[in-house]
$ cat model-v6.csv   # CSV, C-alpha atoms
chain,number,residue,atom,x,y,z
A,1,MET,CA,71.6,203.6,124.9
A,2,LYS,CA,74.1,201.2,123.5
A,3,ILE,CA,77.8,200.7,123.3
A,4,LYS,CA,79.4,201.6,119.9
A,5,PRO,CA,80.8,198.7,117.9
A,6,GLY,CA,84.5,197.9,118.4
A,7,PHE,CA,84.8,198.0,122.2
A,8,MET,CA,85.5,194.8,124.1
A,9,LEU,CA,85.2,194.1,127.8
A,10,ARG,CA,87.8,191.6,129.3
A,11,GLN,CA,88.6,190.5,132.8
A,12,LEU,CA,92.1,191.1,133.9
A,13,GLY,CA,92.7,189.5,137.3
A,14,GLU,CA,90.2,191.0,139.7
A,15,ASN,CA,89.5,194.0,137.4
A,16,TYR,CA,87.9,194.5,134.1
A,17,VAL,CA,89.1,196.6,131.2
A,18,VAL,CA,87.5,197.9,128.0
A,19,VAL,CA,89.7,198.1,125.0
A,20,ALA,CA,89.1,199.4,121.4
A,21,LEU,CA,89.5,197.2,118.3
A,22,GLY,CA,89.8,198.0,114.6
A,23,PRO,CA,88.5,201.4,113.5
A,24,ALA,CA,87.4,202.2,117.1
A,25,ALA,CA,91.0,202.0,118.1
A,26,GLU,CA,91.8,205.0,115.8
A,27,GLU,CA,89.4,207.1,117.8
A,28,PHE,CA,90.0,205.7,121.3
A,29,LYS,CA,93.6,205.1,122.3
A,30,GLY,CA,94.0,203.5,125.7
A,31,ILE,CA,91.8,201.5,128.1
A,32,ILE,CA,89.1,202.0,130.7
A,33,ARG,CA,89.3,200.0,133.8
A,34,LEU,CA,86.0,199.0,135.3
A,35,ASN,CA,85.2,197.5,138.8
A,36,PRO,CA,82.8,194.5,138.9
A,37,ALA,CA,79.8,196.8,139.2
A,38,GLY,CA,80.9,198.8,136.2
A,39,ALA,CA,81.5,195.6,134.2
A,40,PHE,CA,77.9,194.5,135.2
A,41,LEU,CA,76.5,197.8,133.8
A,42,TRP,CA,78.6,197.5,130.7
A,43,LYS,CA,77.3,194.1,129.9
A,44,ARG,CA,73.7,195.4,130.3
A,45,LEU,CA,74.5,198.1,127.8
A,46,GLY,CA,75.7,195.6,125.3
A,47,ASP,CA,72.1,194.7,124.6
A,48,GLY,CA,70.9,198.3,124.8
A,49,ALA,CA,69.4,199.7,128.0
A,50,SER,CA,67.9,203.0,129.3
A,51,GLU,CA,69.4,204.8,132.3
A,52,ASP,CA,66.3,203.7,134.4
A,53,GLU,CA,66.8,200.1,133.3
A,54,LEU,CA,70.5,200.3,134.4
A,55,VAL,CA,69.5,201.7,137.8
A,56,ALA,CA,66.9,198.9,138.2
A,57,ALA,CA,69.5,196.2,137.2
A,58,LEU,CA,71.9,197.6,139.8
A,59,LEU,CA,69.3,197.6,142.5
A,60,GLY,CA,68.5,194.0,141.7
A,61,GLU,CA,72.1,192.9,141.8
A,62,TYR,CA,73.6,194.9,144.6
A,63,ASP,CA,72.5,195.9,148.1
A,64,VAL,CA,72.3,199.6,147.5
A,65,ASP,CA,69.6,202.3,147.9
A,66,GLU,CA,68.0,203.9,144.9
A,67,ALA,CA,69.8,207.3,145.3
A,68,ALA,CA,73.2,205.6,145.4
A,69,ALA,CA,72.3,203.4,142.4
A,70,ARG,CA,71.2,206.4,140.4
A,71,ALA,CA,74.3,208.4,141.2
A,72,ASP,CA,76.6,205.5,140.4
A,73,THR,CA,74.8,204.9,137.1
A,74,ALA,CA,75.1,208.6,136.1
A,75,LYS,CA,78.7,208.6,136.9
A,76,PHE,CA,79.4,205.4,135.0
A,77,LEU,CA,77.5,206.8,131.9
A,78,ALA,CA,79.5,210.0,132.1
A,79,ASP,CA,82.8,208.0,132.3
A,80,ILE,CA,82.0,206.0,129.1
A,81,ALA,CA,80.1,208.8,127.3
A,82,ASP,CA,82.4,208.6,124.2
A,83,MET,CA,81.8,204.9,123.8
A,84,LEU,CA,78.0,205.2,123.6
A,85,GLU,CA,76.2,205.4,120.3
A,86,ALA,CA,74.7,208.9,119.7
B,1,MET,CA,120.1,190.9,107.3
B,2,LEU,CA,119.3,188.6,110.2
B,3,MET,CA,119.3,189.7,113.8
B,4,THR,CA,118.4,188.1,117.1
B,5,VAL,CA,116.4,190.3,119.5
B,6,ALA,CA,114.8,189.0,122.7
B,7,GLY,CA,115.8,185.5,121.5
B,8,LEU,CA,113.8,186.0,118.3
B,9,ARG,CA,115.4,185.7,114.8
B,10,VAL,CA,114.3,188.7,112.8
B,11,ARG,CA,114.9,189.0,109.1
B,12,TYR,CA,114.8,192.4,107.4
B,13,GLU,CA,116.1,193.8,104.2
B,14,PRO,CA,117.3,197.3,104.8
B,15,ARG,CA,116.1,200.2,102.6
B,16,SER,CA,119.2,202.1,103.5
B,17,PRO,CA,122.5,200.2,104.1
B,18,ASP,CA,123.4,202.8,106.7
B,19,ILE,CA,120.8,201.4,109.1
B,20,ILE,CA,122.8,198.2,109.7
B,21,ARG,CA,125.2,199.9,112.1
B,22,PHE,CA,122.3,200.4,114.6
B,23,PHE,CA,121.9,196.6,114.7
B,24,GLU,CA,125.6,195.6,115.0
B,25,ARG,CA,125.3,194.0,118.4
B,26,PHE,CA,122.3,192.0,117.3
B,27,LEU,CA,123.4,190.7,113.9
B,28,THR,CA,123.4,186.9,113.4
B,29,PRO,CA,125.1,185.1,110.5
B,30,ASP,CA,122.3,184.6,108.0
B,31,ASP,CA,122.2,180.9,107.2
B,32,ALA,CA,119.1,181.4,105.0
B,33,SER,CA,117.0,179.3,107.5
B,34,ALA,CA,113.5,180.5,108.3
B,35,PRO,CA,113.4,183.4,110.8
B,36,ASP,CA,110.8,183.8,113.6
B,37,VAL,CA,109.7,187.1,112.1
B,38,ASP,CA,110.1,188.5,108.6
B,39,VAL,CA,109.6,192.2,108.6
B,40,HIS,CA,108.8,194.2,105.5
B,41,ILE,CA,108.4,197.9,105.2
B,42,THR,CA,106.6,198.8,102.0
B,43,ASP,CA,106.9,202.0,100.1
B,44,ALA,CA,103.3,202.9,101.2
B,45,ASP,CA,104.3,202.4,104.9
B,46,PHE,CA,107.3,204.6,104.3
B,47,ALA,CA,105.3,207.3,102.5
B,48,ALA,CA,102.6,207.3,105.2
B,49,ALA,CA,105.2,207.7,107.9
B,50,ALA,CA,106.9,210.5,106.0
B,51,ALA,CA,103.6,212.4,105.6
B,52,ALA,CA,102.8,212.0,109.3
B,53,ARG,CA,106.2,213.2,110.5
B,54,PRO,CA,108.0,215.1,107.7
B,55,ALA,CA,110.8,216.5,109.9
B,56,VAL,CA,112.2,213.1,110.7
B,57,SER,CA,115.2,211.8,108.7
B,58,ASP,CA,114.7,208.8,106.4
B,59,LEU,CA,117.1,206.8,108.4
B,60,SER,CA,115.2,207.5,111.7
B,61,ARG,CA,112.0,206.8,110.0
B,62,GLU,CA,113.1,203.4,108.8
B,63,PHE,CA,114.5,202.6,112.3
B,64,GLY,CA,111.2,203.6,113.9
B,65,LEU,CA,109.0,201.8,111.4
B,66,LEU,CA,111.0,198.6,111.9
B,67,LEU,CA,110.3,198.8,115.6
B,68,GLU,CA,106.6,199.4,115.0
B,69,LYS,CA,106.3,196.4,112.7
B,70,LEU,CA,108.3,194.2,115.0
B,71,ALA,CA,106.3,195.3,118.1
B,72,ASP,CA,103.1,194.2,116.3
B,73,GLU,CA,104.4,190.6,116.0
B,74,LEU,CA,105.7,190.3,119.5
B,75,PRO,CA,102.5,189.0,121.3
B,76,GLU,CA,102.6,185.9,119.2
B,77,PHE,CA,106.0,185.1,120.8
B,78,ASP,CA,104.8,185.9,124.4
B,79,ALA,CA,106.6,189.2,124.1
B,80,LEU,CA,105.7,192.9,124.5
B,81,PHE,CA,107.2,196.2,123.7
B,82,PHE,CA,107.6,198.3,126.9
B,83,HIS,CA,108.6,201.9,127.2
B,84,ALA,CA,111.2,201.9,130.0
B,85,ALA,CA,114.8,202.3,131.0
B,86,VAL,CA,116.1,198.9,132.3
B,87,VAL,CA,118.9,198.5,134.8
B,88,GLU,CA,120.4,195.2,135.7
B,89,LEU,CA,121.6,194.8,139.3
B,90,ASP,CA,123.0,191.5,140.6
B,91,GLY,CA,121.4,189.5,137.8
B,92,ARG,CA,117.9,191.0,138.0
B,93,ALA,CA,116.3,193.6,135.8
B,94,TYR,CA,114.5,196.7,137.1
B,95,ALA,CA,112.4,198.6,134.6
B,96,PHE,CA,111.8,202.3,135.2
B,97,THR,CA,108.9,203.7,133.2
B,98,ALA,CA,107.3,207.1,132.8
B,99,ARG,CA,106.2,209.6,130.3
B,100,SER,CA,109.1,210.9,128.1
B,101,GLY,CA,110.9,213.7,129.9
B,102,THR,CA,110.2,212.5,133.4
B,103,GLY,CA,113.7,211.3,134.0
B,104,LYS,CA,113.8,207.5,133.4
B,105,SER,CA,117.3,207.6,131.9
B,106,THR,CA,118.5,210.1,134.5
B,107,HIS,CA,117.4,207.7,137.3
B,108,ALA,CA,118.9,204.7,135.5
B,109,ALA,CA,122.2,206.5,135.2
B,110,LEU,CA,122.1,207.2,139.0
B,111,TRP,CA,121.9,203.5,139.7
B,112,ARG,CA,125.0,202.9,137.7
B,113,GLU,CA,126.8,205.7,139.6
B,114,HIS,CA,125.5,204.3,143.0
B,115,PHE,CA,126.2,200.6,142.4
B,116,GLY,CA,129.2,200.9,140.1
B,117,GLY,CA,130.1,197.5,138.5
B,118,ARG,CA,127.1,195.7,140.0
B,119,ALA,CA,124.7,197.6,137.8
B,120,ARG,CA,124.5,198.0,134.0
B,121,ILE,CA,122.0,199.6,131.8
B,122,ILE,CA,120.4,197.1,129.5
B,123,ASN,CA,118.3,199.5,127.5
B,124,GLY,CA,117.6,203.2,127.8
B,125,ASP,CA,114.2,203.5,126.3
B,126,LYS,CA,112.5,200.6,124.4
B,127,PRO,CA,113.2,197.2,125.7
B,128,PHE,CA,111.0,194.1,125.0
B,129,PHE,CA,109.6,191.9,127.8
B,130,ARG,CA,109.4,188.3,127.0
B,131,ARG,CA,108.0,185.3,128.8
B,132,ILE,CA,110.0,182.1,128.4
B,133,ASP,CA,109.0,178.9,130.4
B,134,GLY,CA,106.9,181.0,132.7
B,135,VAL,CA,109.7,183.5,133.5
B,136,TRP,CA,109.5,187.1,132.3
B,137,TYR,CA,112.7,188.6,131.0
B,138,ALA,CA,113.7,192.2,130.2
B,139,CYS,CA,115.4,192.1,126.8
B,140,GLY,CA,117.7,194.6,125.2
B,141,THR,CA,116.8,195.9,121.8
B,142,PRO,CA,118.6,198.1,119.2
B,143,TRP,CA,116.2,200.9,120.2
B,144,GLY,CA,118.1,202.4,123.1
B,145,GLY,CA,116.9,206.0,123.1
B,146,LYS,CA,119.0,209.2,122.7
B,147,GLU,CA,121.7,208.0,125.1
B,148,GLY,CA,122.4,205.0,123.0
B,149,TRP,CA,122.2,202.5,125.8
B,150,TYR,CA,121.4,199.2,124.1
B,151,GLU,CA,122.9,196.0,125.3
B,152,ASN,CA,122.1,192.7,123.7
B,153,ALA,CA,121.0,190.9,126.9
B,154,MET,CA,118.1,189.1,128.5
B,155,VAL,CA,117.7,189.4,132.2
B,156,PRO,CA,115.0,188.0,134.5
B,157,LEU,CA,112.6,190.9,135.4
B,158,GLY,CA,112.7,191.8,139.1
B,159,ALA,CA,110.3,194.7,139.2
B,160,ILE,CA,108.6,197.5,137.2
B,161,CYS,CA,108.9,200.9,138.7
B,162,PHE,CA,106.6,203.8,137.6
B,163,LEU,CA,108.5,207.1,138.1
B,164,GLU,CA,107.2,210.5,139.1
B,165,GLN,CA,109.2,213.6,139.8
B,166,GLY,CA,108.9,214.8,143.4
B,167,CYS,CA,110.7,216.7,146.1
B,168,VAL,CA,110.7,213.8,148.5
B,169,ASN,CA,111.9,210.3,147.7
B,170,ARG,CA,109.2,207.7,148.4
B,171,ILE,CA,108.3,204.3,147.0
B,172,VAL,CA,105.1,202.4,147.4
B,173,SER,CA,103.9,199.1,146.1
B,174,LEU,CA,101.0,199.3,143.6
B,175,GLY,CA,97.9,197.1,143.6
B,176,GLU,CA,96.4,195.6,140.5
B,177,ALA,CA,94.0,198.4,139.7
B,178,GLU,CA,96.7,201.0,140.0
B,179,ILE,CA,99.0,199.0,137.8
B,180,ILE,CA,96.3,198.6,135.1
B,181,ASP,CA,95.7,202.3,135.1
B,182,ARG,CA,99.3,203.0,134.3
B,183,VAL,CA,100.8,200.0,132.4
B,184,PHE,CA,98.9,200.3,129.1
B,185,ARG,CA,100.3,203.7,128.3
B,186,GLN,CA,103.8,202.2,128.2
B,187,THR,CA,103.0,199.5,125.7
B,188,VAL,CA,101.7,199.3,122.1
B,189,MET,CA,98.2,198.0,122.0
B,190,PRO,CA,97.2,196.0,118.9
B,191,ALA,CA,94.0,196.9,117.1
B,192,ASP,CA,93.5,193.4,115.7
B,193,PRO,CA,91.1,191.3,117.8
B,194,VAL,CA,93.1,188.1,117.9
B,195,ARG,CA,96.3,189.9,118.8
B,196,MET,CA,94.4,192.0,121.4
B,197,GLU,CA,93.3,188.8,123.2
B,198,LYS,CA,96.9,187.6,123.2
B,199,TYR,CA,98.2,191.0,124.4
B,200,LEU,CA,95.7,191.2,127.3
B,201,SER,CA,96.6,187.7,128.5
B,202,LEU,CA,100.3,188.5,128.4
B,203,LEU,CA,99.7,191.7,130.3
B,204,GLN,CA,97.8,189.8,132.9
B,205,SER,CA,100.6,187.4,133.3
B,206,LEU,CA,103.2,190.2,133.5
B,207,ILE,CA,101.2,192.0,136.2
B,208,ALA,CA,100.7,188.8,138.2
B,209,ALA,CA,104.3,187.8,138.0
B,210,THR,CA,106.0,191.2,138.5
B,211,PRO,CA,106.0,193.4,141.6
B,212,CYS,CA,105.2,197.0,140.6
B,213,TYR,CA,106.0,200.2,142.4
B,214,LEU,CA,105.4,203.9,142.2
B,215,LEU,CA,108.5,206.0,142.9
B,216,SER,CA,108.4,209.7,143.6
B,217,CYS,CA,111.9,210.9,143.3
B,218,ASP,CA,114.4,213.7,142.8
B,219,ILE,CA,117.8,213.4,141.2
B,220,SER,CA,120.1,212.1,143.9
B,221,GLY,CA,121.8,209.1,145.4
B,222,GLU,CA,119.1,209.2,148.1
B,223,ALA,CA,116.5,208.5,145.3
B,224,VAL,CA,118.4,205.3,144.3
B,225,ARG,CA,118.7,204.2,147.9
B,226,VAL,CA,114.9,204.6,148.5
B,227,ALA,CA,114.1,202.9,145.2
B,228,SER,CA,116.5,199.9,145.5
B,229,GLU,CA,115.7,199.3,149.2
B,230,GLY,CA,112.0,199.5,148.4
B,231,MET,CA,112.2,197.0,145.6
B,232,ILE,CA,115.0,194.8,146.8
B,233,PRO,CA,114.9,194.3,150.6
B,234,SER,CA,118.2,192.5,150.7
B,235,SER,CA,120.0,195.4,149.1
B,236,ARG,CA,119.9,197.3,152.4
B,237,ALA,CA,122.4,195.1,154.0
B,238,ASN,CA,124.5,194.3,150.9
B,239,ALA,CA,124.9,197.6,149.2
B,240,PRO,CA,128.5,198.8,149.2
B,241,GLY,CA,129.3,202.4,148.4
B,242,GLY,CA,126.1,203.8,150.0
B,243,THR,CA,125.8,207.5,150.5
B,244,GLU,CA,125.5,207.3,154.3

$ encode --input "model-v6.csv" --output "C-alpha cells"
Amino acid sequence: MKIKPGFMLRQLGENYVVVALGPAAEEFKGIIRLNPAGAFLWKRLGDGASEDELVAALLGEYDVDEAAARADTAKFLADIADMLEA
Amino acid sequence: MLMTVAGLRVRYEPRSPDIIRFFERFLTPDDASAPDVDVHITDADFAAAAAARPAVSDLSREFGLLLEKLADELPEFDALFFHAAVVELDGRAYAFTARSGTGKSTHAALWREHFGGRARIINGDKPFFRRIDGVWYACGTPWGGKEGWYENAMVPLGAICFLEQGCVNRIVSLGEAEIIDRVFRQTVMPADPVRMEKYLSLLQSLIAATPCYLLSCDISGEAVRVASEGMIPSSRANAPGGTE
C-alpha cells in the first residue's frame, strides 16, 4: 500500500494534519488530523508498506501488544482509505 | 478602484460599475501607486463561475469572485479569510463561527442587544483575520452577509467561538486537537504547495494565540451571558444591563 500523490503531512503544534495539494485537492476537500502514532504510520506508508509491516513497525516503536497494534493499524487504514493508491 | 481591506491596498477594475457601492466604506483615493494586491477577474473565471452557479446574478457573481481571488492572496500578507460573525466588545473582537444556518448572526445580534453601545458588529459573515507585529486582528471586509453588517475596522481578536444550537447554554474551552478538527472548515484552503505551507503556519499561529471555545446555545440573553462570562471572566462583574 502507498499514499496517493498530492497529500502532505505537516505538524501543527502537538498534532499532525494531512492536507491535499493540486489535483488531489479537487477530490479531497478538508484535512485529516493524526495523532503521533498515526503520523508514524503515515510516514511508513510514504515509502510503501503492507499492513503486516505497519503492525511490525508499530510494535517496534510503541509499547503495545500485537492485538492492539493490529486493531489500531486496521482502524488507521480504514480512516485514510480514500488516500491510498488502489 | 482602490480599496483598503484589512490594511491591504487592493486594486480592482470593476466589470460592472454598480459593484462599487458595495465597497463604499473601503474605498481609498487612487494615487496610482502600487497596491499590495492587484485582482483581476478574467472572462474565463466569470464564465466558469456562471456555469457552476447559473442562478446567481452577475453582480453577486462578480462580488463573490473578487472575494475568492483576494482570499487566495491573503496568506502572503499573514492574513486568512474566516467564516464568522465578529462582534467587538470593549475593544476586543469575538468571532462566532458555525455552518451557515446555525445562528451566527442571530447570536451576534443578541450581543448588541445585551451590551448596547459597548458592542458593535464588525462583520456578519466573512471577515479576514490578519497578524500584524505578532497580534491577530479581526478585520471588517465588504463581504458582510445577508444582514449587510460590514464595518471598516480592525480589532484585536479576543477569542474564537464555535457555535452549536442546543437547549441548554453551555460553553467549554477547546484543546488544540478539537480546534484543528473544526477550524479548517471555516477557512479557504489553498491548493498550491507554497501557499499551503504559509496557510498552515498561519493557522498554527492563530490557534496558539487565540483562545477557542465551543458554545451550545439557544436564542436568549442567557446565551449571551454564558458566552461572554465564559470568554471574558471580567465581564461578569462589569456587565451592565444584565438579565438577572

$ interface_residues --input "model-v6.csv" --of "chain A" --to "chain B" --cutoff "12 Å" --atoms "only C-alpha atoms" --output "ChimeraX atom specification"
/A:6-36

$ closest_residue --input "model-v6.csv" --among "A:Ala37, A:Leu77, A:Leu84, A:Leu45" --to "Gly60 in chain A" --atoms "all atoms listed in the file"
A:Ala37

$ atom_distance --input "model-v6.csv" --atom1 "CA of Ala209 in chain B" --atom2 "CA of Pro156 in chain B"
11.3 Å

$ residues_around --input "model-v6.csv" --residues "Glu222 in chain B" --least-positions-apart "4" --cutoff "9 Å" --atoms "all atoms listed in the file" --output "list in words"
Asn169, Cys217, Asp218, Val226, Ala227 and Thr243 of chain B

$ residues_around --input "model-v6.csv" --residues "Ser216 in chain B" --least-positions-apart "4" --cutoff "7 Å" --atoms "all atoms listed in the file" --output "list in words"
Leu163, Glu164, Gln165, Gly166, Val168, Asn169, Arg170 and Ile171 of chain B

$ axis_aligned_box --input "model-v6.csv" --around "range 87-96 of chain B" --padding-each-side "8 Å" --output "lines of an AutoDock Vina configuration file"
center_x = 117.4
center_y = 195.9
center_z = 137.6
size_x = 27.2
size_y = 28.8
size_z = 22.0

$ atom_distance --input "model-v6.csv" --atom1 "CA of Asp58 in chain B" --atom2 "CA of Leu70 in chain B"
18.1 Å

$ closest_residue --input "model-v6.csv" --among "B:Arg53, B:Arg99, B:Arg9, B:Lys69" --to "His40 in chain B" --atoms "only C-alpha atoms"
B:Lys69

$ atom_distance --input "model-v6.csv" --atom1 "CA of Trp143 in chain B" --atom2 "CA of Pro127 in chain B"
7.3 Å

$ closest_residue --input "model-v6.csv" --among "B:Ser100, B:Gln186, B:Thr141, B:Thr210" --to "Leu174 in chain B" --atoms "all atoms listed in the file"
B:Thr210

$ closest_residue --input "model-v6.csv" --among "B:Asp38, B:Ala79, B:Met3, B:Glu62" --to "Ile19 in chain B" --atoms "only C-alpha atoms"
B:Glu62

$ closest_residue --input "model-v6.csv" --among "B:Phe96, B:Phe22, B:Phe82, B:Tyr137" --to "Leu59 in chain B" --atoms "only C-alpha atoms"
B:Phe22

$ residues_around --input "model-v6.csv" --residues "Ala57 in chain A" --least-positions-apart "4" --cutoff "10 Å" --atoms "all atoms listed in the file" --output "number ranges by chain"
A: 40-41, 44, 49, 51-53, 61-62, 69

$ closest_residue --input "model-v6.csv" --among "A:Gly38, A:Asp79, A:Thr73, A:Ala68" --to "Ser50 in chain A" --atoms "all atoms listed in the file"
A:Thr73

$ residues_near_point --input "model-v6.csv" --point "(121.6, 200.2, 110.9)" --cutoff "12 Å" --atoms "all atoms listed in the file" --output "list of chain:residue names"
B:Met1, B:Leu2, B:Met3, B:Tyr12, B:Glu13, B:Pro14, B:Arg15, B:Ser16, B:Pro17, B:Asp18, B:Ile19, B:Ile20, B:Arg21, B:Phe22, B:Phe23, B:Glu24, B:Arg25, B:Phe26, B:Leu27, B:Asp58, B:Leu59, B:Ser60, B:Arg61, B:Glu62, B:Phe63, B:Gly64, B:Leu66, B:Pro142, B:Trp143

$ decode --input "model-v6.csv" --residues "chain A" --atoms "C-alpha atoms" --output "PDB file, in the first residue's frame"
ATOM      1  CA  MET A   1       0.000   0.000   0.000  1.00  0.00           C
ATOM      2  CA  LYS A   2       1.066   3.529  -0.705  1.00  0.00           C
ATOM      3  CA  ILE A   3      -0.273   7.067  -0.269  1.00  0.00           C
ATOM      4  CA  LYS A   4      -1.663   8.711  -3.426  1.00  0.00           C
ATOM      5  CA  PRO A   5       0.381  11.641  -4.702  1.00  0.00           C
ATOM      6  CA  GLY A   6      -0.718  15.117  -3.625  1.00  0.00           C
ATOM      7  CA  PHE A   7      -1.139  14.505   0.103  1.00  0.00           C
ATOM      8  CA  MET A   8       1.122  16.216   2.579  1.00  0.00           C
ATOM      9  CA  LEU A   9       1.723  15.549   6.285  1.00  0.00           C
ATOM     10  CA  ARG A  10       2.542  18.544   8.466  1.00  0.00           C
ATOM     11  CA  GLN A  11       2.946  19.057  12.192  1.00  0.00           C
ATOM     12  CA  LEU A  12       0.623  21.615  13.746  1.00  0.00           C
ATOM     13  CA  GLY A  13       1.527  22.182  17.391  1.00  0.00           C
ATOM     14  CA  GLU A  14       1.234  18.813  19.152  1.00  0.00           C
ATOM     15  CA  ASN A  15      -0.860  17.348  16.350  1.00  0.00           C
ATOM     16  CA  TYR A  16      -0.341  16.344  12.747  1.00  0.00           C
ATOM     17  CA  VAL A  17      -2.545  17.110   9.775  1.00  0.00           C
ATOM     18  CA  VAL A  18      -2.751  15.723   6.271  1.00  0.00           C
ATOM     19  CA  VAL A  19      -3.811  18.162   3.564  1.00  0.00           C
ATOM     20  CA  ALA A  20      -4.342  17.764  -0.162  1.00  0.00           C
ATOM     21  CA  LEU A  21      -2.488  19.761  -2.805  1.00  0.00           C
ATOM     22  CA  GLY A  22      -3.035  20.406  -6.514  1.00  0.00           C
ATOM     23  CA  PRO A  23      -5.340  17.934  -8.282  1.00  0.00           C
ATOM     24  CA  ALA A  24      -5.749  15.892  -5.067  1.00  0.00           C
ATOM     25  CA  ALA A  25      -7.384  18.962  -3.504  1.00  0.00           C
ATOM     26  CA  GLU A  26     -10.209  18.744  -6.077  1.00  0.00           C
ATOM     27  CA  GLU A  27     -11.021  15.258  -4.840  1.00  0.00           C
ATOM     28  CA  PHE A  28     -10.368  15.693  -1.143  1.00  0.00           C
ATOM     29  CA  LYS A  29     -11.552  18.893   0.497  1.00  0.00           C
ATOM     30  CA  GLY A  30     -10.577  19.251   4.106  1.00  0.00           C
ATOM     31  CA  ILE A  31      -7.999  17.824   6.434  1.00  0.00           C
ATOM     32  CA  ILE A  32      -7.312  14.725   8.449  1.00  0.00           C
ATOM     33  CA  ARG A  33      -5.840  15.125  11.898  1.00  0.00           C
ATOM     34  CA  LEU A  34      -3.441  12.410  13.023  1.00  0.00           C
ATOM     35  CA  ASN A  35      -2.006  11.729  16.461  1.00  0.00           C
ATOM     36  CA  PRO A  36       1.757  10.984  16.687  1.00  0.00           C
ATOM     37  CA  ALA A  37       1.183   7.230  16.146  1.00  0.00           C
ATOM     38  CA  GLY A  38      -0.969   7.951  13.085  1.00  0.00           C
ATOM     39  CA  ALA A  39       1.726  10.254  11.728  1.00  0.00           C
ATOM     40  CA  PHE A  40       4.293   7.498  12.344  1.00  0.00           C
ATOM     41  CA  LEU A  41       2.249   5.031  10.266  1.00  0.00           C
ATOM     42  CA  TRP A  42       1.630   7.637   7.572  1.00  0.00           C
ATOM     43  CA  LYS A  43       5.369   8.197   7.165  1.00  0.00           C
ATOM     44  CA  ARG A  44       5.878   4.422   6.814  1.00  0.00           C
ATOM     45  CA  LEU A  45       3.256   4.350   4.059  1.00  0.00           C
ATOM     46  CA  GLY A  46       5.067   7.074   2.166  1.00  0.00           C
ATOM     47  CA  ASP A  47       7.653   4.513   1.102  1.00  0.00           C
ATOM     48  CA  GLY A  48       5.040   1.808   0.583  1.00  0.00           C
ATOM     49  CA  ALA A  49       4.271  -0.830   3.219  1.00  0.00           C
ATOM     50  CA  SER A  50       1.997  -3.816   3.766  1.00  0.00           C
ATOM     51  CA  GLU A  51      -0.438  -3.999   6.663  1.00  0.00           C
ATOM     52  CA  ASP A  52       1.818  -6.568   8.391  1.00  0.00           C
ATOM     53  CA  GLU A  53       4.828  -4.273   8.006  1.00  0.00           C
ATOM     54  CA  LEU A  54       2.875  -1.419   9.577  1.00  0.00           C
ATOM     55  CA  VAL A  55       1.884  -3.612  12.517  1.00  0.00           C
ATOM     56  CA  ALA A  56       5.511  -4.676  12.959  1.00  0.00           C
ATOM     57  CA  ALA A  57       6.697  -1.052  12.815  1.00  0.00           C
ATOM     58  CA  LEU A  58       4.130  -0.051  15.429  1.00  0.00           C
ATOM     59  CA  LEU A  59       5.252  -2.911  17.715  1.00  0.00           C
ATOM     60  CA  GLY A  60       8.857  -1.799  17.314  1.00  0.00           C
ATOM     61  CA  GLU A  61       8.117   1.828  18.170  1.00  0.00           C
ATOM     62  CA  TYR A  62       5.407   1.644  20.824  1.00  0.00           C
ATOM     63  CA  ASP A  63       4.888  -0.451  23.911  1.00  0.00           C
ATOM     64  CA  VAL A  64       1.706  -2.238  22.749  1.00  0.00           C
ATOM     65  CA  ASP A  65       0.664  -5.866  22.324  1.00  0.00           C
ATOM     66  CA  GLU A  66       0.137  -7.315  18.871  1.00  0.00           C
ATOM     67  CA  ALA A  67      -3.663  -7.454  19.061  1.00  0.00           C
ATOM     68  CA  ALA A  68      -3.839  -3.723  19.863  1.00  0.00           C
ATOM     69  CA  ALA A  69      -1.274  -2.844  17.166  1.00  0.00           C
ATOM     70  CA  ARG A  70      -3.256  -4.848  14.611  1.00  0.00           C
ATOM     71  CA  ALA A  71      -6.556  -3.231  15.584  1.00  0.00           C
ATOM     72  CA  ASP A  72      -5.063   0.283  15.540  1.00  0.00           C
ATOM     73  CA  THR A  73      -3.445  -0.278  12.148  1.00  0.00           C
ATOM     74  CA  ALA A  74      -6.709  -1.564  10.644  1.00  0.00           C
ATOM     75  CA  LYS A  75      -8.570   1.442  12.023  1.00  0.00           C
ATOM     76  CA  PHE A  76      -5.921   3.821  10.698  1.00  0.00           C
ATOM     77  CA  LEU A  77      -6.054   2.261   7.222  1.00  0.00           C
ATOM     78  CA  ALA A  78      -9.843   2.487   7.173  1.00  0.00           C
ATOM     79  CA  ASP A  79      -9.665   6.178   8.146  1.00  0.00           C
ATOM     80  CA  ILE A  80      -7.316   7.048   5.284  1.00  0.00           C
ATOM     81  CA  ALA A  81      -8.751   4.558   2.748  1.00  0.00           C
ATOM     82  CA  ASP A  82      -9.526   7.241   0.127  1.00  0.00           C
ATOM     83  CA  MET A  83      -5.919   8.456   0.210  1.00  0.00           C
ATOM     84  CA  LEU A  84      -4.389   5.075  -0.609  1.00  0.00           C
ATOM     85  CA  GLU A  85      -3.467   4.047  -4.109  1.00  0.00           C
ATOM     86  CA  ALA A  86      -5.761   1.357  -5.431  1.00  0.00           C
TER      87      ALA A  86
END
